[in-house]
Amino acid sequence: MDTPETLIDLDRYPIHQMGGARDDILTRIRADLGRDGCAVLKRFITPEGIEALKTQADGVADKAFRSFNRTNPYFTRDDPTLPASDPRRRFFERSNSFIPADNFPPASPLRAIYEYPAMSAFIQDCLEEENFYPYADPLADVIINAADEGNGFPWHFDTNNFTVTIAIQNADEGGAFEYAPNIRVGDENFAEVEKVLDGTSDKVRTLVLEPGDLQIFRGRYSLHRVAPLRGKTPRYVGILSYVEEPGMVGTPERCQQLYGRTLPIHHERAGQRADAYLD
Ligand SMILES: O=C(O)CCC(=O)C(=O)O
Ligand SMILES: [Fe+2]
């Protein structure tokens, strides 16, 4: 049986014990998040934990919903009144799909990590968010982003304020995480976004995450993508979602688009939320 204590490397990252070691981690993570909206905890998951997550991902890989629609960085529709080079008119193919959360029952390793009280308390402390709750969406609270050979997940901004990911398996080649930190703080900054899409910006950073690494990322202000990937090995990334209001779920439209189905709760709670979440 996998428990959070065996899945998370608590010797390296004692997130469950208040004190100096935990405080030191928080200080570093907060500084990284403040500076470039991104923080990484290398080898957060133990080698046994990585194996358990990989086995689980392989076991439910066929449950991934594939909807390879073309998307612009804002997930909006085309606006033919704008110039063809405008970022709002730049649509790219993607090759990733999501394995919905109801494939991860309570005893599964990914959900065990999500539901470990010390985990959510630690993430909340890293982000210094006062309003912080587990996502109440039974299809989206804990998911795996599974990407096959192809364009990965092209340039976009997240609708949610932050994303917490766990790298589980890399592709044979490619699939790096690329991002332009805080490129749209204050205003949309379309000119610089256009340069990123053209491959001419000097603001792009590349992160090669290894299986077991935990990433905390504020994706609302930083344009980012999973670079194109090659080879037969799928790229697996676990995504843990938290929100700023209790009881929140995704919209029926977004849910249908990402997971190919909806549940009664999506219709009951439609329109009750302040923000539209991407996942
Ligand atoms: O797979 C990743 O590393 C990040 C995916 C992402 O950007 C997203 O799900 O919004
Ligand atoms: Fe994203």
# chains A, B, ... in the order shown; residues from 1 in each chain; ligands from 1
call {"tool": "residues_around", "arguments": {"residues": "stretch 143-154 of chain A", "least_positions_apart": "5", "cutoff": "8 Å", "atoms": "only C-alpha atoms", "output": "ChimeraX atom specification"}}
result
/A:57,61,64,71,73,92-101,104,171,175,224-240
call {"tool": "residues_near_ligand", "arguments": {"ligand": "ligand 2", "cutoff": "8 Å", "atoms": "only C-alpha atoms and all ligand atoms", "output": "PyMOL selection string"}}
result
chain A and resi 156-158+163+219+224-225
call {"tool": "write_last_selection", "arguments": {"atoms": "N, CA and C atoms", "output": "short mmCIF file (atom, residue, chain, number, x, y, z; two decimals), in the first residue's frame"}}
result
data_model
loop_
_atom_site.label_atom_id
_atom_site.label_comp_id
_atom_site.auth_asym_id
_atom_site.auth_seq_id
_atom_site.Cartn_x
_atom_site.Cartn_y
_atom_site.Cartn_z
N HIS A 156 0.23 28.84 -24.14
CA HIS A 156 -1.05 29.29 -23.56
C HIS A 156 -0.83 29.94 -22.20
N PHE A 157 -1.87 30.65 -21.77
CA PHE A 157 -1.97 31.10 -20.38
C PHE A 157 -3.01 30.21 -19.71
N ASP A 158 -2.79 29.88 -18.43
CA ASP A 158 -3.81 29.13 -17.70
C ASP A 158 -4.91 30.07 -17.24
N THR A 163 -0.79 26.23 -10.91
CA THR A 163 -0.87 24.80 -11.21
C THR A 163 0.23 24.09 -10.42
N GLY A 219 0.45 30.20 -13.71
CA GLY A 219 0.34 30.18 -15.17
C GLY A 219 -0.59 31.22 -15.77
N HIS A 224 3.23 29.85 -21.48
CA HIS A 224 4.03 28.62 -21.36
C HIS A 224 3.55 27.54 -22.32
N ARG A 225 4.41 26.56 -22.53
CA ARG A 225 4.04 25.42 -23.37
C ARG A 225 4.83 24.18 -22.97
#
call {"tool": "closest_residue", "arguments": {"among": "A:His266, A:Arg35, A:Arg220, A:Arg261", "to": "ligand 1", "atoms": "only C-alpha atoms and all ligand atoms"}}
result
A:Arg220
call {"tool": "select_by_dssp", "arguments": {"residues": "stretch 203-270 of chain A", "states": "helix (DSSP H, G or I)", "output": "PyMOL selection string"}}
result
chain A and resi 252-259+264-268
call {"tool": "residues_around", "arguments": {"residues": "A:Phe44", "least_positions_apart": "4", "cutoff": "9 Å", "atoms": "only C-alpha atoms", "output": "count of residues only"}}
result
10
call {"tool": "select_by_dssp", "arguments": {"residues": "stretch 190-265 of chain A", "states": "strand (DSSP E or B)", "output": "PyMOL selection string"}}
result
chain A and resi 205-207+214-217+223-226+229-230+235-240+242-243
